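Novice: After the structure tokens below, expect a handful of questions from me.
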Amino acid sequence: MAETAGSAPATSDTTDGAGVGYLLARVRLVENNIRMLVAHRRIGDPAPDDPFRGLYLSEEAVDRILAGPSHPPEADVALRQQVELAADTASAGGSTPRLRQLADDFRLTQVDVELLLIALLPDLDSRFEKLYGYLNDDVTRRRATIGLALELLRVPSVQADARARLHPASPLLAAGLMVIDETDRPFLTRALRVPDRVTAHLLGDDTPDQELLGVLTEPLPVDSQIAACLGRALAAGQRLVHLRETLRGSGSGLAAAALGHNGTPVIGVDLDLLAAGPRAADLVTVIGREAGLTGAAVVAEPAEALAQPGATRLPDALRALAALSVPVIIVGSSTWDPTWSPEVPLQMDAPGLTAAGRGELWRKALALHPQTSFSAAEGDEMTGNFVLGPAQIDRAVRSAAAIATLNGGSIDATALRRGARSQNAAGLERLARRIEPAVGWDDIVLPPTTVRQLRDVTDRARHRDTVLSRWRMRPGGGRGRGVLALFAGDSGTGKTMAAEVVAGDLGLDLYTVNLATVVDKYVGETEKNLERIFTEAGGVNAVLLFDEADAVFGKRSEVRDAHDRYANIESAYLLQRMETFDGLAVLSTNLRSNIDEAFTRRLDSIIDFPAPDENARLALWRRCLASPLPCADDLDLQFCARSFTLSGGNIRSAAITAAYLAAAEGRAVGMTDVITSIQQEYRKLGRLVLDREFGGYLTSGVR
């Protein structure tokens with residue numbers, strides 16, 4: 001500051017375009033006022049050189065206080081005019097000083113600007129800490145107080161208009177440009193402070209506020225005709241917008257594209273992270289200040305994070321967010337609730353991403369990682385089943401690139417699918433068991449008709465965007481885009497494995513719902529648990545398997561008592577919820593006749609799994625007793641398939657038992673082990689072990 005005291009006023013910002021020259025010139029004017037006030041104080045000070053000044057009050061000091069204030073000389077008006085004229089010239093040349101831009105953006109008066117500069121001085125030059133300590137007559141008070149600031153402005157401390165500039169609702173304080181510390185002290189002795197972010201901005205630094213680093217996001221723009229329309233509305237002055245989305249990220253992508261049409265920067269905010277912190281309402285002020293400093297608009301999602309019922313301060317944060325003076329676009333999955341804020345937003349629906357739109361996002365993201373082992377067409381086919389938002393697609397590709405480092409850096413199909421599956425939320429795993437598919441079409445033994453029906457299910461999942469969206473075959477009534485299938489058959493006929501094959505073919509995970517976590521003895525709790533599952537599954541790219549589905553999808557009965565009535569209510573809820581489900585769900589049951597007919601009408605496919613015939617049993621035995629399992633030459637699998645009517649699950653269990661028997665004796669699996677394991681399987685099933693079924697093998701030393 002010593003170097004700037006005698007320098008000429010700034011003419012333009014020719015070095016960094018940040019207005020630092022104008023800022024320092026305005027600071028010099030404030031410094032001149034401080035110099036004059038210090039000189040004026042020293043004239044009437046009976047002991048100006050007292051080393052203990054500010055630590056006590058002498059009798060002379062008391063007399064001086066009682067004598068009342070005297071006014072210092074007026075500021076140099078000509079110098080102020082010279083500084084402002086130089087700033088006018090810089091603004092006309094397209095280089096508006098940041099201090100002036102700040103005053104325009106936040107609607108600050110000249111008094112506000114002077115107050116800001118007075119509070120700013122100790123952060124620019126440490127000499128003013130001591131000067132303020134002297135002027136405050138207290139060496140421990142090293143910031144300007146309200147009383148000192150008003151004195152430097154030559155404004156009476158009882159003037160209501162001047163005091164109102166430091167009211168909590170004033171532009172300086174409401175926008176977070178200035179903070180009043182020590183609010184428990186009398187009004188005039190409260191200290192004024194400028195946040196470090198505001199100081200850094202005035203000096204040309206655009207690094208975001210450190211307080212926001214944990215909640216900021218970067219929405220990826222998704223352009224469309226609707227984005228252009230929204231951009232025009234924002235350019236016309238619309239300040240508050242609410243976008244309702246069906247897919248996380250589609251609303252923020254639309255907002256980012258709309259703001260991009262206007263050249264407006266975007267500050268993305270994750271409201272889930274904001275709500276998790278203890279200072280949500282305070283951080284909203286910081287967000288608004290950051291947007292105002294950078295000329296940006298705020299895009300925040302999801303709105304529901306701040307609209308939680310029973311929350312204490314979160315609704316206050318939502319109201320504060322909606323009341324920011326900068327453009328604010330709030331994104332959520334539900335309709336705008338008027339109780340959220342008295343502000344009235346422009347309400348719009350963000351369209352979900354089409355298959356073509358998602359494909360374009362995948363291609364753009366993969367273009368940043370050119371080392372791939374598949375063609376563009378193969379990439380489209382692999383990723384077409386994943387319903388992800390823009391940010392999720394970007395993270396999925398980056399995750400695939402990280403996985404690919406294990407294989408030399410090239411992204412292959414496995415890495416890409418694993419990266420996509422890694423975007424599934426973990427919430428569903430608390431309600432269902434995740435299975436990563438490890439089997440394919442070659443591993444399952446079923447009749448051709450059943451296999452064809454299973455492939456029809458995968459075709460529905462792959463092409464539902466084309467049929468339901470592009471060809472507009474989606475029925476009305478608020479029905480979802482889900483694919484629902486029923487697998488019916490005896491235990492062990494391959495229903496769960498078939499669901500795993502379907503999931504693997506689509507590149508998805510399989511989630512098996514644990515009915516123990518669903519069914520509850522208390523009225524209404526089962527429906528709540530199911531709603532949690534459907535809600536979580538709606539945001540997950542996976543196949544949802546309800547094993548033993550007849551436990552919750554059973555037939556409604558005639559109402560004879562309260563238990564029947566509540567059971568029917570549960571079934572009615574499921575009927576409605578299944579229609580609005582957007583995912584891929586498989587119901588499996590051993591008793592198809594127990595499933596309510598109303599559910600079957602809503603199913604897209606019903607597939608019967610018959611017990612395997614002799615040829616199927618032979619194929620199953622060969623699959624289960626195949627390499628790398630060592631097998632002896634005496635295996636007669638044709639005899640096993642012909643003689644024992646076992647299901648696929650039983651055959652698999654018998655093969656594993658035989659393998660354990662052989663491993664215990666350190667040899668290859670022989671016919672003795674297989675026959676023994678079949679005997680054990682018969683006993684598990686409650687069947688009689690008859691000599692005629694086992695031929696001559698029972699007399700061959702079988703245990």
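Just remember, in the structure tokens the first chain shown is A, the second B, etc., residues are 1-based per chain, and ligands are 1-based in the order shown.
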Contacts between segment 36-40 of chain A and segment 139-228 of chain A, please, where a residue of segment 139-228 of chain A counts if it comes within 12 Å (with only C-alpha atoms); show its shortest atom pair and distance in Å to one decimal, rows by chain and ascending number, as a Markdown table.
Specialist:
| residue | atom | partner | partner_atom | distance |
| --- | --- | --- | --- | --- |
| A:Leu148 | CA | A:Leu37 | CA | 10.0 |
| A:Ala149 | CA | A:Leu37 | CA | 11.3 |
| A:Glu151 | CA | A:Leu37 | CA | 8.7 |
| A:Leu152 | CA | A:Leu37 | CA | 7.3 |
| A:Leu153 | CA | A:Leu37 | CA | 10.6 |
| A:Arg154 | CA | A:Leu37 | CA | 10.2 |
Novice: If you keep C-alpha atoms, can you produce a file of those selected residues as a CSV table (one decimal), in the first residue's frame?
Specialist:
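The file below, part_24.csv, is the result:
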chain,number,residue,atom,x,y,z
A,148,LEU,CA,-15.4,3.8,12.5
A,149,ALA,CA,-16.7,3.0,9.0
A,151,GLU,CA,-17.1,8.1,10.7
A,152,LEU,CA,-14.8,7.6,7.7
A,153,LEU,CA,-17.9,8.1,5.5
A,154,ARG,CA,-18.6,11.3,7.4
Novice: Write out as CSV the residues of segment 196-280 of chain A that have any atom within 12 Å of an atom of segment 102-112 of chain A, one row each with the nearest atom pair and its distance in Å to one decimal, counting only C-alpha atoms, sorted by chain and then rising number.
Specialist:
residue,atom,partner,partner_atom,distance
A:Val198,CA,A:Leu102,CA,9.6
A:Thr199,CA,A:Leu102,CA,11.5
A:His201,CA,A:Leu102,CA,9.5
A:Leu202,CA,A:Leu102,CA,8.4
Novice: Write to file, as a short mmCIF file (atom, residue, chain, number, x, y, z; two decimals), in the first residue's frame, the residues of the selection just made, with N, CA, C and O atoms.
Specialist:
data_model
loop_
_atom_site.label_atom_id
_atom_site.label_comp_id
_atom_site.auth_asym_id
_atom_site.auth_seq_id
_atom_site.Cartn_x
_atom_site.Cartn_y
_atom_site.Cartn_z
N VAL A 198 -14.29 -13.02 -1.68
CA VAL A 198 -14.60 -11.73 -2.31
C VAL A 198 -13.31 -10.96 -2.56
O VAL A 198 -13.12 -10.36 -3.63
N THR A 199 -12.40 -11.00 -1.60
CA THR A 199 -11.11 -10.32 -1.78
C THR A 199 -10.36 -10.92 -2.96
O THR A 199 -9.82 -10.19 -3.81
N HIS A 201 -11.57 -12.49 -5.54
CA HIS A 201 -12.24 -12.13 -6.79
C HIS A 201 -11.86 -10.73 -7.23
O HIS A 201 -11.57 -10.50 -8.42
N LEU A 202 -11.86 -9.78 -6.31
CA LEU A 202 -11.52 -8.40 -6.67
C LEU A 202 -10.08 -8.28 -7.15
O LEU A 202 -9.75 -7.38 -7.91
#
Novice: List every residue of segment 388-542 of chain A that DSSP, applied to the backbone of this structure, places in strand (DSSP E), and write the result as a list in words.
Specialist: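 Written out, the strand (DSSP E) residues of segment 388-542 of chain A are Ala432, Arg433, Arg434, Ile435, Val483, Leu484, Ala485, Leu486, Phe487, Ala488, Gly489, Asp509, Leu510, Tyr511, Thr512, Val513 and Ala542 of chain A.
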Novice: Go ahead and write the selection's residues with N, CA and C atoms as a short mmCIF file (atom, residue, chain, number, x, y, z; two decimals), in the first residue's frame.
Specialist:
data_model
loop_
_atom_site.label_atom_id
_atom_site.label_comp_id
_atom_site.auth_asym_id
_atom_site.auth_seq_id
_atom_site.Cartn_x
_atom_site.Cartn_y
_atom_site.Cartn_z
N ALA A 432 -31.62 -56.33 -1.56
CA ALA A 432 -31.58 -57.49 -2.44
C ALA A 432 -30.13 -57.94 -2.58
N ARG A 433 -29.94 -59.17 -3.00
CA ARG A 433 -28.60 -59.74 -3.16
C ARG A 433 -28.15 -59.58 -4.61
N ARG A 434 -26.99 -58.96 -4.80
CA ARG A 434 -26.49 -58.74 -6.16
C ARG A 434 -25.71 -59.95 -6.64
N ILE A 435 -26.00 -60.34 -7.87
CA ILE A 435 -25.29 -61.45 -8.52
C ILE A 435 -24.72 -60.94 -9.82
N VAL A 483 -40.20 -54.13 -18.31
CA VAL A 483 -40.40 -55.45 -18.93
C VAL A 483 -40.58 -56.43 -17.78
N LEU A 484 -41.74 -57.09 -17.73
CA LEU A 484 -42.08 -57.99 -16.63
C LEU A 484 -42.29 -59.39 -17.17
N ALA A 485 -41.63 -60.37 -16.56
CA ALA A 485 -41.74 -61.75 -17.02
C ALA A 485 -41.97 -62.66 -15.82
N LEU A 486 -42.72 -63.74 -16.05
CA LEU A 486 -42.96 -64.75 -15.02
C LEU A 486 -42.32 -66.06 -15.47
N PHE A 487 -41.43 -66.60 -14.61
CA PHE A 487 -40.82 -67.90 -14.85
C PHE A 487 -41.51 -68.89 -13.92
N ALA A 488 -42.21 -69.88 -14.49
CA ALA A 488 -42.96 -70.85 -13.69
C ALA A 488 -42.45 -72.25 -13.96
N GLY A 489 -42.24 -73.00 -12.91
CA GLY A 489 -41.77 -74.38 -13.07
C GLY A 489 -41.37 -74.96 -11.74
N ASP A 509 -26.47 -56.52 -14.04
CA ASP A 509 -26.40 -57.32 -12.83
C ASP A 509 -27.78 -57.92 -12.54
N LEU A 510 -27.78 -58.96 -11.72
CA LEU A 510 -29.02 -59.59 -11.27
C LEU A 510 -29.17 -59.34 -9.78
N TYR A 511 -30.31 -58.81 -9.37
CA TYR A 511 -30.59 -58.57 -7.96
C TYR A 511 -31.74 -59.49 -7.53
N THR A 512 -31.45 -60.37 -6.59
CA THR A 512 -32.45 -61.29 -6.08
C THR A 512 -33.05 -60.71 -4.81
N VAL A 513 -34.34 -60.47 -4.84
CA VAL A 513 -35.01 -59.87 -3.69
C VAL A 513 -35.13 -60.90 -2.58
N ALA A 542 -30.36 -53.13 -13.90
CA ALA A 542 -30.23 -54.52 -13.46
C ALA A 542 -31.52 -55.25 -13.72
#
Novice: List as a Markdown table every residue of segment 376-395 of chain A that is in contact with segment 210-232 of chain A, defined as an atom at most 12 Å from one of its atoms (using only C-alpha atoms), together with the nearest atom pair and the distance in Å rounded to one decimal, sorted by chain and then rising number.
Specialist:
| residue | atom | partner | partner_atom | distance |
| --- | --- | --- | --- | --- |
| A:Gly389 | CA | A:Leu220 | CA | 9.4 |
| A:Pro390 | CA | A:Leu220 | CA | 6.0 |
| A:Ala391 | CA | A:Leu220 | CA | 6.3 |
| A:Gln392 | CA | A:Leu220 | CA | 10.0 |
| A:Ile393 | CA | A:Leu220 | CA | 10.0 |
| A:Asp394 | CA | A:Leu220 | CA | 8.7 |
| A:Arg395 | CA | A:Leu220 | CA | 11.3 |
Novice: Would you write out those residues with N, CA and C atoms, as an mmCIF file, in the first residue's frame?
Specialist:
data_model
loop_
_atom_site.group_PDB
_atom_site.id
_atom_site.type_symbol
_atom_site.label_atom_id
_atom_site.label_comp_id
_atom_site.auth_asym_id
_atom_site.auth_seq_id
_atom_site.Cartn_x
_atom_site.Cartn_y
_atom_site.Cartn_z
ATOM 1 N N GLY A 389 -27.722 -41.466 -17.037
ATOM 2 C CA GLY A 389 -27.732 -40.044 -17.316
ATOM 3 C C GLY A 389 -26.392 -39.584 -17.862
ATOM 4 N N PRO A 390 -26.281 -38.328 -18.282
ATOM 5 C CA PRO A 390 -25.027 -37.839 -18.875
ATOM 6 C C PRO A 390 -23.822 -37.994 -17.952
ATOM 7 N N ALA A 391 -23.983 -37.588 -16.693
ATOM 8 C CA ALA A 391 -22.858 -37.686 -15.765
ATOM 9 C C ALA A 391 -22.502 -39.144 -15.493
ATOM 10 N N GLN A 392 -23.507 -40.010 -15.419
ATOM 11 C CA GLN A 392 -23.238 -41.427 -15.179
ATOM 12 C C GLN A 392 -22.488 -42.055 -16.345
ATOM 13 N N ILE A 393 -22.837 -41.657 -17.561
ATOM 14 C CA ILE A 393 -22.131 -42.185 -18.734
ATOM 15 C C ILE A 393 -20.670 -41.763 -18.705
ATOM 16 N N ASP A 394 -20.436 -40.513 -18.372
ATOM 17 C CA ASP A 394 -19.060 -40.025 -18.299
ATOM 18 C C ASP A 394 -18.268 -40.799 -17.248
ATOM 19 N N ARG A 395 -18.877 -41.004 -16.069
ATOM 20 C CA ARG A 395 -18.183 -41.747 -15.015
ATOM 21 C C ARG A 395 -17.999 -43.207 -15.396
#
Novice: Give me the residues near Ala350 of chain A as a ChimeraX atom specification, where near means some atom within 10 Å (using only C-alpha atoms) and where sequence neighbours in that chain fewer than 3 positions away do not count.
Specialist: /A:226-227,242-247,249-255,331-333,347,353
Novice: What's around Ala144 of chain A at 7 Å? Count only C-alpha atoms, leave out sequence neighbours fewer than 5 positions away in its own chain, and write the answer as a list in words.
Specialist: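 Within the cut-off, the hits are Ile118, Ala119, Tyr132, Ala149, Ala191 and Leu192 of chain A.
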Novice: Write out as number ranges by chain the residues lying within 10 Å of Ala276 of chain A, counting only C-alpha atoms and excluding same-chain residues fewer than 5 positions away.
Specialist: A: 215, 271, 305-306, 314
Novice: Counting only C-alpha atoms, which residues of segment 488-539 of chain A fall within 12 Å of segment 604-618 of chain A, and what is the closest atom pair for each with its distance in Å at one decimal, ordered by chain and rising number, as JSON lines?
Specialist:
{"residue": "A:Ala488", "atom": "CA", "partner": "A:Asp608", "partner_atom": "CA", "distance": 4.9}
{"residue": "A:Gly489", "atom": "CA", "partner": "A:Phe609", "partner_atom": "CA", "distance": 4.7}
{"residue": "A:Asp490", "atom": "CA", "partner": "A:Ala611", "partner_atom": "CA", "distance": 7.1}
{"residue": "A:Ser491", "atom": "CA", "partner": "A:Ala611", "partner_atom": "CA", "distance": 9.1}
{"residue": "A:Gly492", "atom": "CA", "partner": "A:Ala611", "partner_atom": "CA", "distance": 8.5}
{"residue": "A:Thr493", "atom": "CA", "partner": "A:Ala611", "partner_atom": "CA", "distance": 5.9}
{"residue": "A:Gly494", "atom": "CA", "partner": "A:Phe609", "partner_atom": "CA", "distance": 7.2}
{"residue": "A:Lys495", "atom": "CA", "partner": "A:Phe609", "partner_atom": "CA", "distance": 7.0}
{"residue": "A:Thr496", "atom": "CA", "partner": "A:Phe609", "partner_atom": "CA", "distance": 10.8}
{"residue": "A:Met497", "atom": "CA", "partner": "A:Phe609", "partner_atom": "CA", "distance": 11.4}
{"residue": "A:Ala498", "atom": "CA", "partner": "A:Phe609", "partner_atom": "CA", "distance": 9.7}
{"residue": "A:Ala499", "atom": "CA", "partner": "A:Ile607", "partner_atom": "CA", "distance": 11.4}
Novice: Would you write out those residues with C-alpha atoms, as an mmCIF file, in the first residue's frame?
Specialist:
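Written output follows (out-v1.cif):
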data_model
loop_
_atom_site.group_PDB
_atom_site.id
_atom_site.type_symbol
_atom_site.label_atom_id
_atom_site.label_comp_id
_atom_site.auth_asym_id
_atom_site.auth_seq_id
_atom_site.Cartn_x
_atom_site.Cartn_y
_atom_site.Cartn_z
ATOM 1 C CA ALA A 488 -42.958 -70.847 -13.689
ATOM 2 C CA GLY A 489 -41.775 -74.376 -13.065
ATOM 3 C CA ASP A 490 -40.766 -76.945 -10.481
ATOM 4 C CA SER A 491 -37.822 -76.379 -8.221
ATOM 5 C CA GLY A 492 -34.481 -76.922 -9.924
ATOM 6 C CA THR A 493 -35.724 -76.467 -13.491
ATOM 7 C CA GLY A 494 -33.435 -73.485 -14.141
ATOM 8 C CA LYS A 495 -35.566 -70.423 -13.417
ATOM 9 C CA THR A 496 -32.931 -68.514 -11.418
ATOM 10 C CA MET A 497 -30.184 -69.523 -13.827
ATOM 11 C CA ALA A 498 -32.320 -68.350 -16.748
ATOM 12 C CA ALA A 499 -32.725 -64.965 -15.072
#
Novice: Where in segment 354-456 of chain A does DSSP assign helix (DSSP H, G or I), given as a ChimeraX atom specification?
Specialist: /A:355-367,376-383,390-407,413-421,426-430,441-443,448-456
Novice: Go through A:Phe639, A:Leu234, A:Met578, A:Glu290 one by one, measure the shortest atom-to-atom distance of each to Gly695 of chain A using only C-alpha atoms, and give the residue with the smallest value.
Specialist: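 Smallest separation from Gly695 of chain A among the options: A:Phe639.
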Novice: What is the distance, in Å and to one decimal place, between atom CA of Ala632 of chain A and atom CA of Trp441 of chain A?
Specialist: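 That distance, rounded to one decimal, is 27.8 Å.
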Novice: Residues near segment 622-625 of chain A, anyone? I mean within 9 Å using only C-alpha atoms, not counting same-chain ones fewer than 5 positions away, as a list of chain:residue names.
Specialist: A:Asp443, A:Arg617, A:Pro630, A:Cys631, A:Leu637, A:Ile651, A:Arg652, A:Ala655, A:Ile656, A:Ala659, A:Val669
Novice: In Å, rounded to a single decimal, give me how far atom CA of Asp380 of chain A is from atom CA of Val451 of chain A.
Specialist: 24.7 Å
Novice: Determine the nearest neighbour of Arg470 of chain A from the options A:Thr189, A:Thr600, A:Gln638, A:Thr354, counting only C-alpha atoms.
Specialist: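 For Arg470 of chain A, the nearest of the given residues is A:Thr354.
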Novice: Just the number, please: distance in Å from atom CA of Ala438 of chain A to atom CA of Thr414 of chain A, one decimal.
Specialist: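 That distance, rounded to one decimal, is 12.0 Å.
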Novice: Residues within 9 Å of Val266 of chain A, please, as an mmCIF file with N, CA and C atoms, in the first residue's frame. Count only C-alpha atoms; anything in the same chain fewer than 5 positions from it doesn't count.
Specialist:
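Writing done, so here's out-v6.cif:
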data_model
loop_
_atom_site.group_PDB
_atom_site.id
_atom_site.type_symbol
_atom_site.label_atom_id
_atom_site.label_comp_id
_atom_site.auth_asym_id
_atom_site.auth_seq_id
_atom_site.Cartn_x
_atom_site.Cartn_y
_atom_site.Cartn_z
ATOM 1 N N GLU A 218 -20.375 -30.719 -12.173
ATOM 2 C CA GLU A 218 -20.250 -30.151 -13.522
ATOM 3 C C GLU A 218 -21.276 -30.816 -14.433
ATOM 4 N N PRO A 219 -22.471 -30.249 -14.532
ATOM 5 C CA PRO A 219 -23.493 -30.867 -15.399
ATOM 6 C C PRO A 219 -23.031 -30.914 -16.847
ATOM 7 N N ALA A 255 -30.587 -28.124 -18.496
ATOM 8 C CA ALA A 255 -30.319 -26.786 -17.963
ATOM 9 C C ALA A 255 -28.964 -26.268 -18.434
ATOM 10 N N ALA A 256 -27.947 -27.127 -18.399
ATOM 11 C CA ALA A 256 -26.614 -26.704 -18.831
ATOM 12 C C ALA A 256 -26.607 -26.319 -20.306
ATOM 13 N N LEU A 259 -28.379 -22.866 -20.715
ATOM 14 C CA LEU A 259 -27.498 -21.765 -20.302
ATOM 15 C C LEU A 259 -26.346 -21.599 -21.280
ATOM 16 N N GLY A 260 -25.918 -22.719 -21.883
ATOM 17 C CA GLY A 260 -24.858 -22.621 -22.881
ATOM 18 C C GLY A 260 -25.276 -21.828 -24.100
ATOM 19 N N ALA A 291 -22.074 -17.507 -7.589
ATOM 20 C CA ALA A 291 -22.730 -17.287 -8.878
ATOM 21 C C ALA A 291 -22.720 -15.813 -9.249
ATOM 22 N N GLY A 295 -20.883 -14.382 -12.543
ATOM 23 C CA GLY A 295 -21.909 -14.189 -13.560
ATOM 24 C C GLY A 295 -22.545 -15.488 -14.002
ATOM 25 N N ALA A 296 -22.613 -16.468 -13.101
ATOM 26 C CA ALA A 296 -23.115 -17.796 -13.447
ATOM 27 C C ALA A 296 -24.547 -17.984 -12.970
ATOM 28 N N ALA A 297 -25.147 -19.056 -13.438
ATOM 29 C CA ALA A 297 -26.456 -19.494 -12.965
ATOM 30 C C ALA A 297 -26.263 -20.767 -12.158
ATOM 31 N N VAL A 298 -27.185 -21.024 -11.235
ATOM 32 C CA VAL A 298 -27.102 -22.188 -10.358
ATOM 33 C C VAL A 298 -28.015 -23.287 -10.901
ATOM 34 N N VAL A 299 -27.468 -24.480 -11.053
ATOM 35 C CA VAL A 299 -28.248 -25.665 -11.425
ATOM 36 C C VAL A 299 -28.110 -26.653 -10.272
#
Novice: Check which residues of segment 315-351 of chain A sit at most 12 Å from segment 158-181 of chain A using only C-alpha atoms, and return one row each with the closest pair of atoms and their distance in Å to one decimal, ordered by chain and rising number, as a Markdown table.
Specialist:
| residue | atom | partner | partner_atom | distance |
| --- | --- | --- | --- | --- |
| A:Ala320 | CA | A:Ala174 | CA | 10.5 |
| A:Leu321 | CA | A:Ala175 | CA | 12.0 |
| A:Ala323 | CA | A:Ala174 | CA | 10.9 |
| A:Leu324 | CA | A:Ala175 | CA | 8.6 |
| A:Ser325 | CA | A:Ala175 | CA | 8.7 |
| A:Val326 | CA | A:Ala175 | CA | 10.4 |
Novice: Rank nothing, just name the residue among A:Thr96, A:Thr383, A:Thr672, A:Thr145 nearest to Leu116 of chain A, using only C-alpha atoms.
Specialist: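 Residue with the minimum atom-to-atom distance to Leu116 of chain A: A:Thr145.
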Novice: Which residue gives the smallest distance to Ile330 of chain A among A:Glu31, A:Asp349, A:Asp282, A:Glu129, with only C-alpha atoms counted?
Specialist: A:Asp349
Novice: So which one's closest to Ala654 of chain A, A:Glu681, A:Asp316, A:Asp633, A:Glu304? Using only C-alpha atoms, please.
Specialist: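 Closest candidate: A:Glu681.
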